[in-house]
file my_file-v6.cif (mmCIF, C-alpha atoms and all ligand atoms)
data_model
#
loop_
_atom_site.group_PDB
_atom_site.id
_atom_site.type_symbol
_atom_site.label_atom_id
_atom_site.label_comp_id
_atom_site.auth_asym_id
_atom_site.auth_seq_id
_atom_site.Cartn_x
_atom_site.Cartn_y
_atom_site.Cartn_z
ATOM 1 C CA MET A 1 1.662 8.062 -17.057
ATOM 2 C CA LEU A 2 3.874 11.082 -16.304
ATOM 3 C CA LEU A 3 5.473 10.713 -19.692
ATOM 4 C CA TYR A 4 2.002 10.658 -21.208
ATOM 5 C CA ILE A 5 1.001 13.955 -19.537
ATOM 6 C CA HIS A 6 4.308 15.550 -20.420
ATOM 7 C CA THR A 7 3.988 14.594 -24.074
ATOM 8 C CA ASN A 8 0.485 15.972 -24.236
ATOM 9 C CA VAL A 9 1.317 19.238 -22.488
ATOM 10 C CA HIS A 10 4.196 19.744 -24.905
ATOM 11 C CA PHE A 11 1.947 19.044 -27.888
ATOM 12 C CA ILE A 12 -0.840 21.260 -26.539
ATOM 13 C CA SER A 13 1.414 24.195 -25.695
ATOM 14 C CA LYS A 14 2.450 24.453 -29.365
ATOM 15 C CA GLY A 15 -1.091 25.279 -30.437
ATOM 16 C CA GLY A 16 -2.124 27.674 -27.600
ATOM 17 C CA GLY A 17 -5.692 28.936 -27.022
ATOM 18 C CA LYS A 18 -8.871 27.915 -25.192
ATOM 19 C CA LEU A 19 -9.215 24.525 -26.860
ATOM 20 C CA ASN A 20 -5.796 23.513 -25.565
ATOM 21 C CA LEU A 21 -6.657 24.607 -22.048
ATOM 22 C CA PHE A 22 -9.860 22.586 -22.302
ATOM 23 C CA ILE A 23 -7.946 19.476 -23.446
ATOM 24 C CA LEU A 24 -5.395 19.928 -20.665
ATOM 25 C CA SER A 25 -8.077 20.288 -17.998
ATOM 26 C CA TYR A 26 -9.886 17.239 -19.458
ATOM 27 C CA ILE A 27 -6.708 15.140 -19.164
ATOM 28 C CA THR A 28 -6.062 16.373 -15.599
ATOM 29 C CA ASN A 29 -9.671 15.764 -14.550
ATOM 30 C CA SER A 30 -9.685 12.269 -16.030
ATOM 31 C CA LEU A 31 -6.515 11.391 -14.148
ATOM 32 C CA MET A 32 -7.873 12.819 -10.895
ATOM 33 C CA LYS A 33 -11.107 10.900 -11.386
ATOM 34 C CA GLU A 34 -9.181 7.670 -12.019
ATOM 35 C CA ASN A 35 -7.331 8.132 -8.707
ATOM 36 C CA LEU A 36 -10.337 9.380 -6.773
ATOM 37 C CA ASP A 37 -12.443 6.409 -7.832
ATOM 38 C CA VAL A 38 -9.998 3.800 -6.534
ATOM 39 C CA ILE A 39 -9.624 5.568 -3.206
ATOM 40 C CA SER A 40 -13.308 6.259 -2.628
ATOM 41 C CA LEU A 41 -14.379 2.806 -3.870
ATOM 42 C CA ASN A 42 -11.961 1.134 -1.458
ATOM 43 C CA LYS A 43 -12.776 3.428 1.460
ATOM 44 C CA LYS A 44 -16.456 2.518 1.158
ATOM 45 C CA ALA A 45 -15.697 -1.200 0.669
ATOM 46 C CA TRP A 46 -13.402 -1.473 3.690
ATOM 47 C CA ASN A 47 -15.757 0.502 5.923
ATOM 48 C CA ASN A 48 -18.501 -1.981 5.031
ATOM 49 C CA ALA A 49 -16.222 -5.030 5.305
ATOM 50 C CA ALA A 50 -14.385 -4.088 8.519
ATOM 51 C CA LYS A 51 -16.379 -6.317 10.907
ATOM 52 C CA LYS A 52 -16.318 -9.312 8.540
ATOM 53 C CA TYR A 53 -12.540 -8.882 8.105
ATOM 54 C CA GLU A 54 -12.079 -8.868 11.871
ATOM 55 C CA LEU A 55 -14.131 -12.062 12.251
ATOM 56 C CA ALA A 56 -12.143 -13.797 9.484
ATOM 57 C CA LYS A 57 -8.888 -13.417 11.513
ATOM 58 C CA TYR A 58 -7.116 -13.594 8.178
ATOM 59 C CA GLY A 59 -3.561 -12.382 8.860
ATOM 60 C CA LYS A 60 -0.822 -14.648 10.244
ATOM 61 C CA ILE A 61 2.640 -13.628 11.422
ATOM 62 C CA ASN A 62 5.082 -14.961 8.811
ATOM 63 C CA SER A 63 8.849 -15.431 8.849
ATOM 64 C CA LEU A 64 9.526 -12.284 6.747
ATOM 65 C CA ALA A 65 7.578 -10.150 9.239
ATOM 66 C CA GLU A 66 9.753 -11.739 11.939
ATOM 67 C CA LEU A 67 12.926 -10.941 9.983
ATOM 68 C CA PHE A 68 11.738 -7.321 9.540
ATOM 69 C CA ARG A 69 11.241 -7.131 13.311
ATOM 70 C CA GLU A 70 14.648 -8.732 14.088
ATOM 71 C CA LYS A 71 16.511 -6.285 11.840
ATOM 72 C CA LEU A 72 14.963 -3.161 13.392
ATOM 73 C CA PRO A 73 16.898 -1.213 16.028
ATOM 74 C CA GLU A 74 15.699 -1.165 19.639
ATOM 75 C CA ASN A 75 12.839 1.307 20.238
ATOM 76 C CA ALA A 76 12.243 1.569 16.503
ATOM 77 C CA PHE A 77 9.340 3.636 15.171
ATOM 78 C CA ILE A 78 7.188 1.645 12.695
ATOM 79 C CA LEU A 79 4.555 2.904 10.276
ATOM 80 C CA ASP A 80 1.895 0.267 9.560
ATOM 81 C CA LEU A 81 0.364 1.182 6.183
ATOM 82 C CA GLY A 82 -3.241 0.031 5.949
ATOM 83 C CA SER A 83 -3.157 -1.325 9.496
ATOM 84 C CA GLY A 84 -6.657 -2.867 9.297
ATOM 85 C CA THR A 85 -7.895 -4.275 12.615
ATOM 86 C CA GLY A 86 -4.413 -3.987 14.168
ATOM 87 C CA LEU A 87 -4.355 -7.795 14.465
ATOM 88 C CA PRO A 88 -2.106 -9.579 14.350
ATOM 89 C CA PHE A 89 0.675 -7.296 13.061
ATOM 90 C CA THR A 90 0.381 -3.926 14.862
ATOM 91 C CA LYS A 91 -0.099 -5.756 18.160
ATOM 92 C CA TYR A 92 2.882 -8.023 17.430
ATOM 93 C CA PHE A 93 5.180 -4.996 16.969
ATOM 94 C CA VAL A 94 3.822 -3.180 20.034
ATOM 95 C CA ASP A 95 4.274 -6.338 22.132
ATOM 96 C CA LYS A 96 7.916 -6.479 20.976
ATOM 97 C CA GLY A 97 8.446 -2.989 22.432
ATOM 98 C CA PHE A 98 8.254 -0.869 19.256
ATOM 99 C CA LYS A 99 6.402 2.404 18.844
ATOM 100 C CA VAL A 100 3.798 2.003 16.073
ATOM 101 C CA LEU A 101 1.671 4.421 14.067
ATOM 102 C CA GLY A 102 -1.054 2.641 12.092
ATOM 103 C CA ILE A 103 -2.818 4.478 9.293
ATOM 104 C CA ASP A 104 -5.886 3.257 7.471
ATOM 105 C CA ILE A 105 -8.344 4.802 5.031
ATOM 106 C CA SER A 106 -11.300 3.179 6.783
ATOM 107 C CA ALA A 107 -12.773 4.882 9.858
ATOM 108 C CA GLU A 108 -14.387 1.550 10.826
ATOM 109 C CA MET A 109 -11.023 -0.250 10.742
ATOM 110 C CA ILE A 110 -9.481 2.535 12.822
ATOM 111 C CA LYS A 111 -12.232 2.174 15.465
ATOM 112 C CA ILE A 112 -11.603 -1.593 15.709
ATOM 113 C CA SER A 113 -7.803 -1.256 15.796
ATOM 114 C CA LYS A 114 -7.918 1.320 18.610
ATOM 115 C CA ILE A 115 -9.792 -1.230 20.748
ATOM 116 C CA ASN A 116 -7.542 -4.155 19.731
ATOM 117 C CA VAL A 117 -4.237 -2.343 20.238
ATOM 118 C CA PRO A 118 -4.673 0.510 22.728
ATOM 119 C CA ASN A 119 -0.903 1.067 22.999
ATOM 120 C CA ALA A 120 -0.446 1.985 19.343
ATOM 121 C CA GLU A 121 -1.424 5.258 17.688
ATOM 122 C CA PHE A 122 -3.913 5.044 14.803
ATOM 123 C CA ARG A 123 -4.966 7.681 12.295
ATOM 124 C CA GLU A 124 -7.610 7.639 9.594
ATOM 125 C CA LEU A 125 -5.504 8.554 6.577
ATOM 126 C CA SER A 126 -5.004 7.342 3.027
ATOM 127 C CA MET A 127 -1.446 6.257 2.258
ATOM 128 C CA THR A 128 -1.710 8.482 -0.819
ATOM 129 C CA GLU A 129 -1.651 11.435 1.620
ATOM 130 C CA LEU A 130 1.521 10.389 3.495
ATOM 131 C CA ASP A 131 3.637 13.416 4.332
ATOM 132 C CA PHE A 132 6.542 12.351 6.570
ATOM 133 C CA VAL A 133 10.252 13.002 6.173
ATOM 134 C CA ASN A 134 12.967 10.618 7.542
ATOM 135 C CA LYS A 135 10.647 9.622 10.360
ATOM 136 C CA PHE A 136 10.378 5.815 10.506
ATOM 137 C CA ASP A 137 12.866 2.995 11.084
ATOM 138 C CA GLY A 138 10.469 0.583 9.422
ATOM 139 C CA ILE A 139 7.417 0.722 7.169
ATOM 140 C CA PHE A 140 5.175 -2.340 7.111
ATOM 141 C CA SER A 141 2.604 -2.845 4.375
ATOM 142 C CA ASN A 142 0.747 -6.145 4.492
ATOM 143 C CA TYR A 143 -1.775 -6.469 1.631
ATOM 144 C CA SER A 144 -2.524 -2.767 1.476
ATOM 145 C CA MET A 145 -0.556 -1.448 -1.533
ATOM 146 C CA LEU A 146 -2.231 -4.015 -3.794
ATOM 147 C CA LEU A 147 -5.331 -1.830 -3.347
ATOM 148 C CA LEU A 148 -3.638 0.925 -5.379
ATOM 149 C CA ASN A 149 -3.563 1.265 -9.147
ATOM 150 C CA PRO A 150 -0.096 1.561 -10.759
ATOM 151 C CA THR A 151 -0.203 5.381 -10.835
ATOM 152 C CA LEU A 152 -1.033 5.616 -7.131
ATOM 153 C CA PHE A 153 1.380 2.773 -6.326
ATOM 154 C CA LYS A 154 4.316 4.692 -7.853
ATOM 155 C CA ASP A 155 3.317 7.851 -6.032
ATOM 156 C CA VAL A 156 3.018 6.078 -2.660
ATOM 157 C CA ALA A 157 6.387 4.346 -3.248
ATOM 158 C CA LYS A 158 8.036 7.798 -3.419
ATOM 159 C CA LYS A 159 6.262 8.885 -0.222
ATOM 160 C CA ILE A 160 7.465 5.703 1.522
ATOM 161 C CA ILE A 161 11.111 6.403 0.614
ATOM 162 C CA LYS A 162 10.758 9.982 1.864
ATOM 163 C CA SER A 163 9.205 8.804 5.160
ATOM 164 C CA LEU A 164 11.927 6.206 5.876
ATOM 165 C CA LYS A 165 15.147 7.015 7.717
ATOM 166 C CA ILE A 166 18.439 6.024 6.013
ATOM 167 C CA ASN A 167 18.896 2.259 6.533
ATOM 168 C CA GLY A 168 15.168 2.036 7.261
ATOM 169 C CA LEU A 169 13.338 -1.150 6.281
ATOM 170 C CA LEU A 170 10.303 -1.707 4.107
ATOM 171 C CA TYR A 171 8.244 -4.915 4.364
ATOM 172 C CA LEU A 172 5.820 -5.265 1.477
ATOM 173 C CA ALA A 173 3.309 -8.083 0.915
ATOM 174 C CA LEU A 174 1.316 -8.190 -2.320
ATOM 175 C CA ASN A 175 -0.245 -10.752 -4.642
ATOM 176 C CA GLU A 176 1.327 -11.872 -7.903
ATOM 177 C CA PRO A 177 -0.848 -12.736 -10.901
ATOM 178 C CA ARG A 178 -1.564 -16.435 -11.262
ATOM 179 C CA GLU A 179 -0.506 -16.318 -14.900
ATOM 180 C CA LYS A 180 2.261 -14.050 -16.080
ATOM 181 C CA ASN A 181 0.405 -12.995 -19.231
ATOM 182 C CA ALA A 182 -2.951 -12.305 -17.553
ATOM 183 C CA ASN A 183 -4.524 -8.877 -18.085
ATOM 184 C CA PHE A 184 -4.460 -7.896 -14.441
ATOM 185 C CA ASP A 185 -5.431 -4.277 -15.149
ATOM 186 C CA LYS A 186 -8.692 -5.483 -16.666
ATOM 187 C CA ASP A 187 -9.661 -7.705 -13.740
ATOM 188 C CA SER A 188 -8.789 -5.435 -10.868
ATOM 189 C CA VAL A 189 -12.273 -4.528 -9.653
ATOM 190 C CA VAL A 190 -13.177 -7.574 -7.587
ATOM 191 C CA LYS A 191 -15.791 -8.597 -5.051
ATOM 192 C CA ILE A 192 -14.224 -9.416 -1.692
ATOM 193 C CA LEU A 193 -16.120 -9.936 1.562
ATOM 194 C CA GLY A 194 -19.273 -8.990 -0.360
ATOM 195 C CA GLU A 195 -17.857 -5.597 -1.403
ATOM 196 C CA GLU A 196 -16.641 -4.316 -4.773
ATOM 197 C CA MET A 197 -13.124 -2.980 -4.486
ATOM 198 C CA TYR A 198 -10.009 -2.307 -6.532
ATOM 199 C CA SER A 199 -7.247 -4.874 -5.951
ATOM 200 C CA ARG A 200 -4.433 -5.540 -8.427
ATOM 201 C CA ALA A 201 -1.773 -8.205 -8.710
ATOM 202 C CA TYR A 202 1.812 -6.984 -9.215
ATOM 203 C CA LEU A 203 4.707 -8.797 -10.891
ATOM 204 C CA GLU A 204 8.092 -8.971 -9.167
ATOM 205 C CA GLU A 205 9.620 -7.040 -12.114
ATOM 206 C CA GLU A 206 7.062 -4.237 -11.743
ATOM 207 C CA ILE A 207 7.706 -3.931 -8.002
ATOM 208 C CA LEU A 208 11.496 -3.883 -8.398
ATOM 209 C CA THR A 209 11.324 -1.439 -11.316
ATOM 210 C CA ILE A 210 9.396 0.970 -9.094
ATOM 211 C CA PHE A 211 11.387 0.644 -5.862
ATOM 212 C CA ALA A 212 15.020 -0.024 -6.910
ATOM 213 C CA PRO A 213 15.594 3.313 -8.740
ATOM 214 C CA LEU A 214 14.183 5.171 -5.724
ATOM 215 C CA GLY A 215 17.066 3.948 -3.555
ATOM 216 C CA LEU A 216 15.912 0.692 -1.952
ATOM 217 C CA ASN A 217 18.029 -2.467 -1.809
ATOM 218 C CA LEU A 218 16.197 -5.764 -1.936
ATOM 219 C CA LEU A 219 17.192 -7.989 1.015
ATOM 220 C CA LYS A 220 14.822 -10.922 0.593
ATOM 221 C CA ILE A 221 11.834 -12.239 -1.363
ATOM 222 C CA GLN A 222 9.436 -14.870 -0.110
ATOM 223 C CA ARG A 223 6.559 -16.548 -1.926
ATOM 224 C CA GLU A 224 3.626 -18.543 -0.611
ATOM 225 C CA ILE A 225 0.372 -19.803 -2.085
ATOM 226 C CA ILE A 226 -2.398 -19.388 0.448
ATOM 227 C CA SER A 227 -6.057 -20.248 0.330
ATOM 228 C CA SER A 228 -8.900 -18.818 2.378
ATOM 229 C CA LYS A 229 -12.693 -18.737 2.251
ATOM 230 C CA GLU A 230 -12.680 -14.923 2.031
ATOM 231 C CA PHE A 231 -9.973 -14.354 -0.622
ATOM 232 C CA GLY A 232 -9.709 -17.676 -2.502
ATOM 233 C CA ILE A 233 -6.280 -18.780 -3.757
ATOM 234 C CA GLU A 234 -3.626 -16.082 -3.512
ATOM 235 C CA HIS A 235 -0.078 -16.121 -4.873
ATOM 236 C CA CYS A 236 1.588 -14.016 -2.206
ATOM 237 C CA ILE A 237 4.865 -12.255 -2.748
ATOM 238 C CA ARG A 238 6.629 -10.677 0.232
ATOM 239 C CA LEU A 239 9.661 -8.433 -0.093
ATOM 240 C CA LEU A 240 12.047 -6.887 2.403
ATOM 241 C CA PHE A 241 13.931 -3.747 1.334
ATOM 242 C CA LYS A 242 16.471 -1.450 2.991
ATOM 243 C CA LYS A 243 16.850 2.249 2.214
ATOM 244 C CA LYS A 244 20.314 3.055 0.862
ATOM 245 C CA LEU A 245 22.578 5.791 2.180
ATOM 246 C CA LEU A 246 22.002 8.050 -0.789
ATOM 247 C CA ASN A 247 18.427 9.155 -1.316
ATOM 248 C CA LYS A 248 18.084 9.689 -5.045
HETATM 249 C C1 LIG B 1 -6.383 -6.574 3.216
HETATM 250 S S1 LIG B 1 -6.529 -5.386 4.487
HETATM 251 C C2 LIG B 1 -4.956 -5.621 5.327
HETATM 252 C C3 LIG B 1 -4.995 -5.138 6.750
HETATM 253 C C4 LIG B 1 -3.744 -5.463 7.562
HETATM 254 N N1 LIG B 1 -2.562 -4.861 7.000
HETATM 255 C C5 LIG B 1 -3.572 -6.964 7.670
HETATM 256 O O1 LIG B 1 -2.574 -7.485 7.179
HETATM 257 O O2 LIG B 1 -4.443 -7.618 8.241
HETATM 258 C C6 LIG B 1 -6.259 -3.856 3.622
HETATM 259 C C7 LIG B 1 -6.355 -2.618 4.508
HETATM 260 O O3 LIG B 1 -5.886 -1.494 3.769
HETATM 261 C C8 LIG B 1 -6.756 -0.395 4.004
HETATM 262 N N2 LIG B 1 -6.630 0.549 2.873
HETATM 263 C C9 LIG B 1 -7.149 0.438 1.618
HETATM 264 N N3 LIG B 1 -6.773 1.473 0.872
HETATM 265 C C10 LIG B 1 -6.009 2.279 1.662
HETATM 266 C C11 LIG B 1 -5.348 3.517 1.469
HETATM 267 N N4 LIG B 1 -5.398 4.148 0.289
HETATM 268 N N5 LIG B 1 -4.684 4.061 2.505
HETATM 269 C C12 LIG B 1 -4.641 3.446 3.711
HETATM 270 N N6 LIG B 1 -5.269 2.273 3.956
HETATM 271 C C13 LIG B 1 -5.925 1.687 2.941
HETATM 272 C C14 LIG B 1 -8.122 -1.035 4.150
HETATM 273 O O4 LIG B 1 -9.037 -0.190 4.796
HETATM 274 C C15 LIG B 1 -7.779 -2.290 4.932
HETATM 275 O O5 LIG B 1 -7.817 -2.059 6.315
#

call {"tool": "encode", "arguments": {"input": "my_file-v6.cif", "output": "structure tokens", "more": "lines below"}}
Ligand SMILES: C[S@@+](CC[C@H](N)C(=O)[O-])C[C@H]1O[C@@H](n2cnc3c(N)ncnc32)[C@H](O)[C@@H]1O
result
Amino acid sequence: MLLYIHTNVHFISKGGGKLNLFILSYITNSLMKENLDVISLNKKAWNNAAKKYELAKYGKINSLAELFREKLPENAFILDLGSGTGLPFTKYFVDKGFKVLGIDISAEMIKISKINVPNAEFRELSMTELDFVNKFDGIFSNYSMLLLNPTLFKDVAKKIIKSLKINGLLYLALNEPREKNANFDKDSVVKILGEEMYSRAYLEEEILTIFAPLGLNLLKIQREIISSKEFGIEHCIRLLFKKKLLNK
């Protein structure tokens, strides 16, 4: 996408004049709209779905989340990205003695999580607005980055690296497409818990191509096929990364 803008700006700047400025502002506006739509669509959806999601008790502690926890230093500071109801993960980390900041785009989710996990801090914030530097020992994202389109995903990946301390850990759980050749960009507006939202499957190659050049080492990958009334059959992919010494 960046390459696309760059190419167009270069092309436009050769011609000069009002028309070029108009084209440039059209491109910028279209891109902003694309991003704004995903964020506002999902904010509305998750506000409406918050109570149903809590009742579904969907999340389960898995062995990669346990490994993430085991590898963290004592008194680690964890950022839970898209912390949802705070259950079971934020509570799990707080109970293990860690300091946790949960952020979520949905005010309704934040209300629920504050009741469920009073000893964690929660803020209503989109992960696209993250602005921390070398702050966290661990960042935990369980089924939240799949709610971003590829442009936003790449942008948030950079913000994650910036927010992590050297040697910090990233746990990331997403869904893979069921078929490798499926057009997952086409089918990414889905109805979940009765709400229309953006949710996209990501291939292992896409994830590694985004994170590896930013200075993360892959420690482990785990896959599981899970089935639930709310989300149907999901091909889960979970990855554990560690931030390298040199921040490129
Ligand atoms: C599938 S739920 C996962 C919640 C929790 N991590 C769990 O495992 O149970 C996705 C969560 O991400 C939140 N979310 C969606 N888009 C977000 C964004 N741009 N920034 C922060 N949170 C977001 C939703 O409000 C929702 O609480």

call {"tool": "residues_around", "arguments": {"input": "my_file-v6.cif", "residues": "A:Glu54", "least_positions_apart": "6", "cutoff": "9 Å", "atoms": "only C-alpha atoms", "output": "list in words"}}
result
Gly84, Thr85, Leu87, Met109 and Ile112 of chain A

call {"tool": "resolve_selection", "arguments": {"input": "my_file-v6.cif", "expression": "the PyMOL selection byres (((not hetatm)) within 7 of (chain B and resi 1))", "output": "ChimeraX atom specification"}}
result
/A:39,42-43,46-47,58-59,81-89,103-106,109,125-128,141-144,147-148

call {"tool": "residues_around", "arguments": {"input": "my_file-v6.cif", "residues": "A:Lys99", "least_positions_apart": "6", "cutoff": "8 Å", "atoms": "all atoms listed in the file", "output": "count of residues only"}}
result
6

call {"tool": "resolve_selection", "arguments": {"input": "my_file-v6.cif", "expression": "the PyMOL selection byres (((chain A and resi 204) around 10) and not hetatm)", "output": "ChimeraX atom specification"}}
result
/A:174-177,201-203,205-209,221,237-239

call {"tool": "closest_residue", "arguments": {"input": "my_file-v6.cif", "among": "A:Leu172, A:Leu72, A:Ala45, A:Leu146", "to": "A:Asp185", "atoms": "all atoms listed in the file"}}
result
A:Leu146

call {"tool": "closest_residue", "arguments": {"input": "my_file-v6.cif", "among": "A:Ile110, A:Val117, A:Ile226, A:Ile61", "to": "A:Asp95", "atoms": "only C-alpha atoms"}}
result
A:Val117

call {"tool": "decode", "arguments": {"input": "my_file-v6.cif", "residues": "stretch 109-127 of chain A", "atoms": "C-alpha atoms", "output": "PDB file, in the first residue's frame"}}
result
ATOM      1  CA  MET A 109     -16.094  -4.515  26.896  1.00  0.00           C
ATOM      2  CA  ILE A 110     -14.060  -2.152  29.072  1.00  0.00           C
ATOM      3  CA  LYS A 111     -16.981  -1.790  31.525  1.00  0.00           C
ATOM      4  CA  ILE A 112     -17.303  -5.593  31.814  1.00  0.00           C
ATOM      5  CA  SER A 113     -13.548  -6.186  32.154  1.00  0.00           C
ATOM      6  CA  LYS A 114     -13.216  -3.612  34.953  1.00  0.00           C
ATOM      7  CA  ILE A 115     -15.787  -5.594  36.962  1.00  0.00           C
ATOM      8  CA  ASN A 116     -14.255  -8.994  36.100  1.00  0.00           C
ATOM      9  CA  VAL A 117     -10.649  -8.030  36.826  1.00  0.00           C
ATOM     10  CA  PRO A 118     -10.538  -5.114  39.278  1.00  0.00           C
ATOM     11  CA  ASN A 119      -6.772  -5.484  39.801  1.00  0.00           C
ATOM     12  CA  ALA A 120      -5.870  -4.766  36.182  1.00  0.00           C
ATOM     13  CA  GLU A 121      -5.913  -1.382  34.463  1.00  0.00           C
ATOM     14  CA  PHE A 122      -8.188  -1.035  31.419  1.00  0.00           C
ATOM     15  CA  ARG A 123      -8.404   1.736  28.844  1.00  0.00           C
ATOM     16  CA  GLU A 124     -10.798   2.290  25.972  1.00  0.00           C
ATOM     17  CA  LEU A 125      -8.344   2.616  23.102  1.00  0.00           C
ATOM     18  CA  SER A 126      -7.925   1.259  19.594  1.00  0.00           C
ATOM     19  CA  MET A 127      -4.695  -0.670  19.066  1.00  0.00           C
TER      20      MET A 127
END
